[in-house]
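Asker: Dropping in data22.cif, with mmCIF, C-alpha atoms.
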```cif
data_start
#
loop_
_atom_site.label_atom_id
_atom_site.label_comp_id
_atom_site.auth_asym_id
_atom_site.auth_seq_id
_atom_site.Cartn_x
_atom_site.Cartn_y
_atom_site.Cartn_z
CA MET A 1254 -21.69 128.88 -34.11
CA SER A 1255 -18.59 130.31 -32.40
CA ALA A 1256 -15.57 131.62 -34.28
CA GLY A 1257 -13.21 129.00 -35.65
CA GLU A 1258 -15.73 126.21 -35.44
CA ASN A 1259 -16.62 124.07 -38.44
CA GLU A 1260 -20.03 123.88 -40.00
CA VAL A 1261 -21.66 121.03 -41.84
CA SER A 1262 -25.02 121.38 -43.53
CA VAL A 1263 -27.11 118.26 -42.93
CA ALA A 1264 -30.18 119.28 -44.91
CA ALA A 1265 -31.70 116.88 -47.40
CA LEU A 1266 -29.35 113.96 -46.89
CA LYS A 1267 -30.29 111.19 -49.33
CA CYS A 1268 -29.32 107.57 -49.65
CA PRO A 1269 -27.02 107.09 -52.66
CA GLN A 1270 -28.51 103.64 -53.23
CA CYS A 1271 -32.25 104.39 -53.38
CA GLY A 1272 -32.56 108.18 -53.03
CA ALA A 1273 -34.60 108.04 -49.82
CA GLY A 1274 -34.23 110.80 -47.24
CA LEU A 1275 -32.01 110.09 -44.24
CA PRO A 1276 -32.64 111.12 -40.61
CA GLY A 1277 -29.94 113.71 -39.90
CA ALA A 1278 -26.18 113.18 -39.80
CA GLY A 1279 -23.90 110.78 -37.99
CA GLY A 1280 -20.78 108.73 -38.50
CA HIS A 1281 -22.81 105.71 -39.60
CA LEU A 1282 -26.40 105.35 -40.83
CA VAL A 1283 -28.58 102.54 -42.10
CA CYS A 1284 -31.14 103.46 -44.75
CA GLN A 1285 -34.49 102.25 -43.42
CA TYR A 1286 -35.85 101.91 -46.97
CA CYS A 1287 -33.22 99.85 -48.80
CA GLY A 1288 -31.06 98.68 -45.90
CA SER A 1289 -27.84 100.18 -47.27
CA SER A 1290 -25.06 100.78 -44.74
CA LEU A 1291 -23.80 104.35 -45.11
CA VAL A 1292 -21.00 106.65 -43.98
CA VAL A 1293 -21.85 110.33 -43.45
CA THR A 1294 -18.97 112.77 -43.78
CA GLY A 1295 -18.57 116.52 -44.01
CA ARG A 1296 -16.04 118.99 -45.35
CA GLU A 1297 -14.58 121.87 -43.42
CA VAL A 1298 -16.18 125.32 -43.77
CA PRO A 1299 -13.94 127.89 -41.98
CA ARG A 1300 -15.73 130.71 -40.19
CA HIS A 1301 -13.96 133.76 -38.78
CA ALA A 1302 -15.10 136.32 -36.23
CA GLY A 1303 -17.32 138.95 -37.82
CA GLU A 1304 -17.42 137.13 -41.14
CA ALA A 1305 -20.73 136.77 -42.94
CA GLU A 1306 -22.21 133.30 -43.21
CA LYS A 1307 -20.70 131.40 -46.11
CA PRO A 1308 -22.78 129.42 -48.58
CA ASP A 1309 -22.89 125.65 -48.21
CA VAL A 1310 -21.02 125.05 -51.47
CA GLY A 1311 -18.18 122.66 -50.68
CA GLY A 1312 -19.31 122.24 -47.07
CA GLU A 1313 -22.39 120.09 -47.39
CA ALA A 1314 -22.59 116.70 -45.73
CA GLU A 1315 -21.91 113.78 -48.03
CA VAL A 1316 -23.20 110.25 -47.88
CA ARG A 1317 -21.28 107.27 -49.21
CA ARG A 1318 -22.04 103.58 -49.21
CA GLY A 1319 -19.86 102.00 -46.56
CA MET A 1320 -19.39 101.60 -42.82
CA ARG A 1321 -17.59 103.41 -40.03
CA LEU A 1322 -16.83 101.21 -37.06
CA GLU A 1323 -15.16 101.56 -33.67
CA PRO A 1324 -13.70 98.98 -31.27
CA TYR A 1325 -15.76 97.76 -28.33
CA LEU A 1326 -14.25 95.88 -25.39
CA LEU A 1327 -16.55 93.79 -23.19
CA PRO A 1328 -15.24 93.95 -19.58
CA ASP A 1329 -15.44 91.41 -16.75
CA PRO A 1330 -15.28 93.74 -13.73
CA GLU A 1331 -16.88 91.38 -11.21
CA GLY A 1332 -14.71 88.36 -11.99
CA SER A 1333 -11.28 88.37 -13.60
CA GLY A 1334 -11.05 92.13 -14.03
CA LEU A 1335 -9.97 91.54 -17.63
CA ASP A 1336 -11.62 92.44 -20.91
CA VAL A 1337 -13.31 89.37 -22.37
CA LEU A 1338 -13.57 90.17 -26.06
CA ARG A 1339 -12.99 92.83 -28.65
CA MET A 1340 -15.19 93.55 -31.66
CA LEU A 1341 -15.97 96.30 -34.16
CA VAL A 1342 -19.37 98.01 -33.99
CA PRO A 1343 -20.86 100.88 -36.01
CA VAL A 1344 -20.03 104.32 -34.63
CA GLY A 1345 -22.96 105.68 -32.63
CA TRP A 1346 -24.57 102.32 -31.86
CA THR A 1347 -25.38 101.49 -28.24
CA LYS A 1348 -23.20 98.79 -26.67
CA GLY A 1349 -23.58 96.59 -23.63
CA GLY A 1350 -22.89 93.17 -22.26
CA GLU A 1351 -22.32 91.06 -19.18
CA VAL A 1352 -20.12 88.26 -17.92
CA ARG A 1353 -21.99 86.14 -15.39
CA TRP A 1354 -19.97 83.80 -13.16
CA ASP A 1355 -21.55 80.83 -11.35
CA LEU A 1356 -19.05 78.54 -9.63
CA ARG A 1357 -21.71 75.88 -9.10
CA SER A 1358 -21.40 75.14 -12.83
CA MET A 1359 -18.17 73.14 -12.95
CA ARG A 1360 -17.93 72.83 -16.72
CA MET A 1361 -19.16 76.31 -17.66
CA PRO A 1362 -18.52 78.71 -14.76
CA ALA A 1363 -19.00 81.85 -16.87
CA THR A 1364 -21.42 82.90 -19.63
CA ILE A 1365 -21.26 85.94 -21.91
CA THR A 1366 -24.01 88.15 -23.28
CA CYS A 1367 -23.50 91.12 -25.58
CA ARG A 1368 -25.89 93.45 -27.42
CA VAL A 1369 -25.21 96.31 -29.84
CA ALA A 1370 -28.05 98.25 -31.44
CA ASN A 1371 -28.76 101.08 -33.86
CA PRO A 1372 -30.47 103.78 -31.73
CA SER A 1373 -32.14 105.31 -34.78
CA GLY A 1374 -33.21 102.06 -36.45
CA LEU A 1375 -34.24 98.47 -35.85
CA GLU A 1376 -30.87 96.77 -36.32
CA VAL A 1377 -29.59 94.69 -33.38
CA PHE A 1378 -26.71 92.23 -32.99
CA GLU A 1379 -26.58 89.90 -29.98
CA ILE A 1380 -24.36 87.22 -28.50
CA LEU A 1381 -26.54 84.96 -26.34
CA PRO A 1382 -25.33 82.82 -23.40
CA THR A 1383 -24.09 79.32 -24.09
CA MET A 1384 -26.57 76.67 -22.90
CA SER A 1385 -25.05 73.83 -20.85
CA PHE A 1386 -26.41 70.28 -20.55
CA ALA A 1387 -25.39 66.91 -19.11
CA VAL A 1388 -26.61 63.47 -20.16
CA SER A 1389 -26.78 62.01 -16.65
CA SER A 1390 -25.79 62.64 -13.06
CA PRO A 1391 -24.27 59.44 -11.64
CA MET A 1392 -22.74 61.30 -8.71
CA GLY A 1393 -25.90 63.27 -7.90
CA GLY A 1394 -24.31 66.56 -8.90
CA TRP A 1395 -24.39 69.72 -6.83
CA MET A 1396 -27.87 70.93 -7.70
CA GLY A 1397 -30.17 67.97 -7.05
CA ALA A 1398 -32.63 66.26 -9.39
CA GLY A 1399 -32.69 67.46 -12.97
CA GLN A 1400 -29.24 69.05 -12.89
CA SER A 1401 -25.64 67.89 -12.74
CA PHE A 1402 -22.99 70.32 -11.53
CA GLY A 1403 -25.07 73.26 -12.74
CA ALA A 1404 -25.99 71.72 -16.10
CA GLU A 1405 -29.54 70.67 -17.01
CA ILE A 1406 -29.88 66.93 -17.64
CA ARG A 1407 -31.03 66.39 -21.22
CA GLN A 1408 -30.15 64.03 -24.06
CA PRO A 1409 -28.05 65.57 -26.87
CA THR A 1410 -29.76 66.67 -30.06
CA ASP A 1411 -28.74 68.05 -33.44
CA ALA A 1412 -28.24 71.78 -33.97
CA GLN A 1413 -31.43 72.37 -35.98
CA THR A 1414 -33.53 70.77 -33.25
CA ALA A 1415 -31.64 72.70 -30.57
CA LEU A 1416 -32.42 76.02 -32.26
CA ARG A 1417 -36.09 75.12 -32.73
CA ASP A 1418 -36.77 73.51 -29.32
CA LEU A 1419 -34.30 75.25 -27.00
CA VAL A 1420 -32.84 78.54 -28.23
CA ILE A 1421 -35.87 80.08 -29.96
CA PRO A 1422 -38.40 79.20 -27.21
CA ARG A 1423 -36.06 80.37 -24.43
CA TYR A 1424 -34.95 83.66 -25.95
CA ARG A 1425 -37.76 84.53 -28.38
CA GLY A 1426 -40.76 82.56 -27.13
CA ASP A 1427 -42.58 85.68 -25.91
CA ARG A 1428 -42.51 87.47 -29.29
CA ALA A 1429 -45.90 88.24 -30.84
CA GLY A 1430 -46.68 86.36 -34.05
CA LEU A 1431 -43.47 84.34 -33.88
CA ASN A 1432 -42.90 82.34 -37.07
CA ILE A 1433 -39.94 80.08 -37.81
CA VAL A 1434 -39.37 80.76 -41.49
CA ARG A 1435 -36.66 78.12 -41.95
CA ILE A 1436 -33.92 76.22 -40.16
CA VAL A 1437 -31.00 74.87 -42.18
CA GLN A 1438 -27.77 73.08 -41.43
CA ALA A 1439 -24.54 75.12 -41.21
CA GLN A 1440 -21.97 72.36 -41.06
CA GLU A 1441 -19.16 74.67 -42.20
CA LEU A 1442 -19.65 76.58 -38.94
CA ALA A 1443 -19.49 73.36 -36.91
CA GLU A 1444 -16.35 72.21 -38.72
CA ALA A 1445 -14.57 75.48 -38.06
CA VAL A 1446 -15.46 75.42 -34.36
CA ALA A 1447 -14.23 71.83 -34.12
CA ALA A 1448 -10.99 72.76 -35.85
CA GLU A 1449 -10.27 75.47 -33.27
CA THR A 1450 -11.10 73.29 -30.23
CA ALA A 1451 -8.38 71.41 -28.40
CA VAL A 1452 -9.50 67.98 -27.15
CA PRO A 1453 -6.81 66.52 -24.85
CA MET A 1454 -8.66 63.21 -24.41
CA GLY A 1455 -12.05 61.73 -25.14
CA ALA A 1456 -14.18 62.86 -28.10
CA HIS A 1457 -15.71 66.12 -29.33
CA HIS A 1458 -18.49 66.34 -31.95
CA CYS A 1459 -19.99 69.53 -33.46
CA ASP A 1460 -23.12 70.27 -35.48
CA GLY A 1461 -24.13 73.74 -36.75
CA ALA A 1462 -27.37 75.38 -37.88
CA ARG A 1463 -28.96 78.75 -38.58
CA ALA A 1464 -32.59 79.79 -38.37
CA ARG A 1465 -34.66 82.64 -39.82
CA ILE A 1466 -37.55 83.84 -37.68
CA ALA A 1467 -40.11 86.64 -38.02
CA TYR A 1468 -42.24 88.36 -35.38
CA GLN A 1469 -43.83 91.68 -34.38
CA SER A 1470 -42.64 94.07 -31.68
CA GLU A 1471 -44.13 97.47 -30.84
CA GLY A 1472 -45.94 97.57 -34.16
CA GLN A 1473 -42.82 96.68 -36.18
CA HIS A 1474 -42.40 93.57 -38.34
CA LEU A 1475 -38.92 92.15 -37.68
CA GLU A 1476 -36.70 89.34 -38.92
CA GLU A 1477 -33.76 87.61 -37.25
CA GLU A 1478 -31.05 85.22 -38.37
CA ILE A 1479 -29.91 83.00 -35.48
CA PHE A 1480 -26.71 80.93 -35.60
CA GLY A 1481 -25.71 78.17 -33.18
CA VAL A 1482 -23.48 75.13 -32.71
CA VAL A 1483 -24.15 71.97 -30.70
CA GLU A 1484 -20.95 70.62 -29.12
CA VAL A 1485 -21.03 67.14 -27.55
CA TRP A 1486 -18.11 66.12 -25.31
CA GLN A 1487 -17.20 62.65 -24.08
CA LEU A 1488 -14.48 62.70 -21.43
CA PRO A 1489 -13.11 60.04 -19.09
CA SER A 1490 -15.07 59.95 -15.84
CA ALA A 1491 -13.35 60.53 -12.52
CA ALA A 1492 -15.96 58.34 -10.84
CA MET A 1493 -15.20 54.99 -12.45
CA PHE A 1494 -12.31 53.58 -14.46
CA GLY A 1495 -13.24 53.24 -18.13
CA ALA A 1496 -16.47 55.23 -17.82
CA MET A 1497 -17.18 58.38 -19.86
CA ASP A 1498 -18.92 61.57 -18.82
CA VAL A 1499 -21.07 63.02 -21.62
CA PHE A 1500 -22.01 66.68 -21.57
CA TRP A 1501 -22.97 69.10 -24.33
CA TYR A 1502 -23.53 72.76 -25.13
CA VAL A 1503 -25.45 74.96 -27.52
CA SER A 1504 -22.69 77.50 -28.17
CA HIS A 1505 -21.72 80.36 -30.50
CA ILE A 1506 -25.31 81.64 -30.45
CA VAL A 1507 -25.52 84.96 -32.30
CA VAL A 1508 -28.55 86.89 -33.51
CA CYS A 1509 -28.79 89.46 -36.31
CA ARG A 1510 -32.01 91.54 -36.46
CA ALA A 1511 -33.50 94.01 -38.93
CA ALA A 1512 -36.83 95.17 -40.29
CA GLU A 1513 -38.74 92.56 -42.25
CA GLY A 1514 -37.37 92.36 -45.79
CA LYS A 1515 -34.13 94.22 -44.92
CA LEU A 1516 -32.10 91.56 -43.16
CA ASP A 1517 -30.42 90.13 -46.25
CA ASP A 1518 -29.41 93.63 -47.38
CA LEU A 1519 -27.52 94.06 -44.09
CA ALA A 1520 -25.59 90.79 -44.28
CA GLY A 1521 -22.36 92.66 -45.02
CA LEU A 1522 -22.74 94.80 -41.90
CA TYR A 1523 -23.38 91.82 -39.63
CA GLU A 1524 -20.59 89.89 -41.30
CA ILE A 1525 -18.09 92.52 -40.16
CA LEU A 1526 -19.40 92.36 -36.59
CA ILE A 1527 -19.22 88.56 -36.51
CA ARG A 1528 -15.79 88.30 -38.07
CA SER A 1529 -14.34 91.01 -35.84
CA ILE A 1530 -15.04 89.16 -32.56
CA LYS A 1531 -11.80 88.15 -30.83
CA VAL A 1532 -11.67 86.60 -27.37
CA ASN A 1533 -8.92 87.84 -25.06
CA PRO A 1534 -6.57 84.84 -24.68
CA GLN A 1535 -5.67 86.00 -21.16
CA TRP A 1536 -9.32 85.93 -20.10
CA MET A 1537 -9.69 82.49 -21.67
CA GLY A 1538 -6.69 81.36 -19.65
CA VAL A 1539 -8.35 82.52 -16.44
CA TYR A 1540 -11.58 80.75 -17.42
CA GLU A 1541 -9.80 77.47 -18.09
CA GLN A 1542 -7.85 77.72 -14.81
CA VAL A 1543 -11.10 78.20 -12.90
CA ILE A 1544 -12.55 75.07 -14.53
CA GLY A 1545 -9.44 73.14 -13.50
CA MET A 1546 -9.65 74.41 -9.92
CA LEU A 1547 -13.32 73.50 -9.72
CA ALA A 1548 -12.58 69.98 -10.97
CA GLN A 1549 -9.91 69.59 -8.28
CA GLY A 1550 -12.14 70.98 -5.54
CA GLN A 1551 -9.96 74.05 -4.96
CA ILE A 1552 -12.92 76.49 -5.14
CA HIS A 1553 -15.75 75.69 -2.75
CA HIS A 1554 -17.70 78.89 -2.16
CA VAL A 1555 -19.56 81.11 -4.59
CA TYR A 1556 -18.30 84.26 -2.86
CA GLN A 1557 -14.77 83.45 -3.98
CA ILE A 1558 -15.62 84.67 -7.47
CA ALA A 1559 -14.95 88.19 -6.17
CA GLN A 1560 -11.34 87.14 -5.56
CA LEU A 1561 -10.63 86.17 -9.17
CA GLY A 1562 -9.47 89.68 -10.03
CA SER A 1563 -6.73 89.66 -7.43
CA MET A 1564 -5.87 85.98 -8.03
CA TYR A 1565 -5.12 86.64 -11.69
CA ALA A 1566 -4.16 90.31 -11.69
CA GLN A 1567 -0.63 89.35 -12.70
CA THR A 1568 -1.90 88.18 -16.09
CA GLY A 1569 -2.45 91.81 -17.14
CA THR A 1570 -5.17 93.29 -19.32
CA GLY A 1571 -3.48 93.70 -22.69
CA PHE A 1572 -4.79 91.98 -25.80
CA GLY A 1573 -2.24 89.92 -27.69
CA LEU A 1574 -4.51 89.51 -30.70
CA GLN A 1575 -2.24 89.48 -33.72
CA ASP A 1576 -3.38 86.58 -35.86
CA GLN A 1577 -5.37 85.10 -32.98
CA PRO A 1578 -8.25 82.89 -34.15
CA SER A 1579 -11.69 84.42 -34.14
CA TRP A 1580 -14.19 83.27 -31.57
CA PHE A 1581 -15.98 81.72 -34.54
CA GLY A 1582 -13.00 79.80 -35.81
CA ARG A 1583 -11.36 80.09 -39.18
CA GLN A 1584 -12.48 82.44 -41.90
CA GLN A 1585 -14.29 79.81 -43.94
CA VAL A 1586 -16.94 79.54 -41.21
CA TRP A 1587 -19.15 82.16 -42.83
CA GLY A 1588 -18.41 81.38 -46.47
CA GLY A 1589 -21.08 78.75 -47.08
CA SER A 1590 -23.42 78.46 -50.02
CA GLY A 1591 -26.32 80.06 -48.16
CA GLU A 1592 -29.14 77.65 -48.89
CA GLU A 1593 -32.67 78.96 -49.36
CA GLY A 1594 -32.40 82.64 -49.98
CA GLY A 1595 -29.01 83.25 -51.53
CA GLU A 1596 -25.57 83.76 -50.06
CA TRP A 1597 -26.26 85.47 -46.74
CA ILE A 1598 -22.62 85.84 -45.77
CA GLY A 1599 -20.39 86.64 -48.73
CA ALA A 1600 -16.74 86.66 -49.72
CA VAL A 1601 -14.15 88.55 -47.70
CA GLN A 1602 -10.81 90.26 -48.16
CA SER A 1603 -8.13 90.27 -45.46
CA TYR A 1604 -6.55 93.60 -44.47
CA ARG A 1605 -3.85 94.50 -41.96
CA ASP A 1606 -4.32 97.45 -39.64
CA PRO A 1607 -1.09 99.48 -40.08
CA TYR A 1608 -1.35 100.94 -36.57
CA GLN A 1609 -2.22 97.91 -34.43
CA GLY A 1610 -0.96 95.10 -36.65
CA LEU A 1611 -4.30 93.27 -36.48
CA VAL A 1612 -5.50 91.22 -39.43
CA MET A 1613 -9.15 91.92 -40.25
CA GLU A 1614 -11.49 90.15 -42.64
CA LEU A 1615 -13.78 92.70 -44.31
CA PRO A 1616 -16.48 92.15 -46.97
CA SER A 1617 -15.03 92.16 -50.47
CA GLN A 1618 -17.96 94.29 -51.69
CA TYR A 1619 -16.04 97.28 -50.33
CA SER A 1620 -12.84 97.87 -52.26
CA HIS A 1621 -11.27 100.44 -49.92
CA ALA A 1622 -10.53 100.28 -46.18
CA TRP A 1623 -9.07 102.85 -43.78
CA ALA A 1624 -7.90 102.54 -40.16
CA SER A 1625 -7.33 105.20 -37.51
CA ARG A 1626 -4.89 105.27 -34.60
CA ASN A 1627 -7.76 104.87 -32.12
CA GLY A 1628 -8.87 101.57 -33.68
CA GLU A 1629 -11.73 102.82 -35.88
CA VAL A 1630 -12.25 101.39 -39.37
CA ILE A 1631 -14.01 102.80 -42.44
CA VAL A 1632 -14.81 100.64 -45.48
CA THR A 1633 -16.25 102.09 -48.68
CA ASP A 1634 -16.45 101.48 -52.40
CA ASP A 1635 -15.71 105.17 -53.18
CA PRO A 1636 -12.16 105.45 -54.60
CA ASP A 1637 -12.10 109.23 -53.99
CA PHE A 1638 -12.93 109.00 -50.29
CA ASP A 1639 -10.18 110.08 -47.88
CA PRO A 1640 -11.22 110.42 -44.21
CA ASN A 1641 -8.23 112.68 -43.52
CA LYS A 1642 -9.99 115.41 -45.56
CA ASP A 1643 -13.30 115.24 -43.68
CA VAL A 1644 -13.94 117.49 -40.72
CA ASP A 1645 -15.88 114.90 -38.72
CA SER A 1646 -13.57 111.91 -39.26
CA GLY A 1647 -11.22 112.84 -36.42
CA GLY A 1648 -7.68 111.64 -35.85
CA GLU A 1649 -5.18 110.31 -38.34
CA TRP A 1650 -6.21 107.72 -40.91
CA ALA A 1651 -4.15 105.33 -43.04
CA ARG A 1652 -5.24 103.21 -45.97
CA MET A 1653 -5.32 99.51 -45.11
CA GLN A 1654 -3.52 97.22 -47.51
CA ALA A 1655 -5.14 94.02 -48.71
CA ARG A 1656 -3.20 90.85 -47.92
#
```
What do you get writing this file as structure tokens?
Answerer:
Amino acid sequence: MSAGENEVSVAALKCPQCGAGLPGAGGHLVCQYCGSSLVVTGREVPRHAGEAEKPDVGGEAEVRRGMRLEPYLLPDPEGSGLDVLRMLVPVGWTKGGEVRWDLRSMRMPATITCRVANPSGLEVFEILPTMSFAVSSPMGGWMGAGQSFGAEIRQPTDAQTALRDLVIPRYRGDRAGLNIVRIVQAQELAEAVAAETAVPMGAHHCDGARARIAYQSEGQHLEEEIFGVVEVWQLPSAAMFGAMDVFWYVSHIVVCRAAEGKLDDLAGLYEILIRSIKVNPQWMGVYEQVIGMLAQGQIHHVYQIAQLGSMYAQTGTGFGLQDQPSWFGRQQVWGGSGEEGGEWIGAVQSYRDPYQGLVMELPSQYSHAWASRNGEVIVTDDPDFDPNKDVDSGGEWARMQAR
């Protein structure tokens, strides 16, 4: 190690929850034995040129129960040129996503996918594309038999059936040994989505559900919790006075994955990810304008999607997210009773980021929260923890105040 550098001993790191050994150091780890979410920190050990190696006393790595998270922005480079959403993800996790535009789909011209994963474990969080359907095609649509303006023709169904017959077969049907452990209603999720949805005319109905599935992949036994909402819209038809167009979606589809038997232990981690998702209102404005232009026949060619960036460049790329509603609606969405298996998503405490002014809802199991100037967050239940004293924390940190 060169002069003036800092040294952290990473030997024999152990989980404070179960005592199991941990695989090296990092800003955030997940114990693969008990599922605890952990923060790894170190203390500074000064070394000077020509100085003998100092003992590790006071400079060893430390492990605390908690999470260290960083902001992730999902971009839309091929369409609007704006960032679509912002969320918090564990430091060191891989991140990726895509915005796919298809102007043949009048009612849903863009879909979003996002995936973040623990590179040293089995934990994965995904946002899956919204599925679009129409009840009929009286005008023939743009896509021929079986589709109407880019939406598959299918009769509406409830959310539990949609997860079982549509979402799971489409996105997990190729998994070895697939077993649907349970599917239960999540009406609190549906109610929150409905409360955040503006319906200028017609009718809008929501139904929510969540499913637990198990399967094998590359010799590993895995579990997933899948959430989804069925939204049914009835809007006045442009084709005939007094008629109604009926179309529906399976929306807000998110997936939380872990090793078999560890998923419930990681509910707090996934809760933070879910609650932190905020859609850029400027991107949503572009999306809604495109839908309006499609309905009025102002966009006729698929190639014009490449012009969206210049068409809406004046909207800017900044996030005006103070007190903006979450993509998943109000905070009570995830506070249900958790049938069959205990409370999967628990109580939360609201905090305000002193640097960015954002209000965040963090699990109440952690009694202390810190924010950095670069948007990172650390939550822990250790009252003595101060990231400003740790060599690997980086930047300037301030304690977040509960609201």
Asker: Run through the PyMOL selection byres ((chain A and resi 1621-1638) around 8) on the given coordinates and return the selected residues as a list in words.
Answerer: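 Applied to this file, the PyMOL selection byres ((chain A and resi 1621-1638) around 8) selects Arg1317, Arg1318, Gly1319, Met1320, Arg1321, Leu1322, Glu1323, Pro1324, Leu1341, Tyr1604, Asp1606, Pro1607, Tyr1608, Gln1609, Gln1618, Tyr1619, Ser1620, Asp1639, Pro1640, Gly1648, Glu1649, Trp1650, Ala1651, Arg1652, Met1653 and Gln1654 of chain A.
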Asker: Find the distance between atom CA of Pro1269 of chain A and atom CA of Arg1510 of chain A and write it in Å to one decimal.
Answerer: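 A separation of 23.0 Å between them.
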Asker: What separation in Å, quoted to one decimal, exists between atom CA of Asp1418 of chain A and atom CA of Gly1350 of chain A?
Answerer: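 It comes out at 25.1 Å.
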Asker: Would you please work out which residue, of A:Pro1362, A:Gly1610, A:Pro1422, A:Gly1288, is nearest to Gly1545 of chain A when using all atoms listed in the file?
Answerer: A:Pro1362
Asker: Written as a VMD selection string, what is the full residue list that the PyMOL selection byres ((chain A and resi 1415-1417) around 12) yields on the file shown?
Answerer: chain A and resid 1383 to 1386 1407 to 1414 1418 to 1426 1431 to 1439 1460 to 1466 1478 to 1484 1501 to 1508
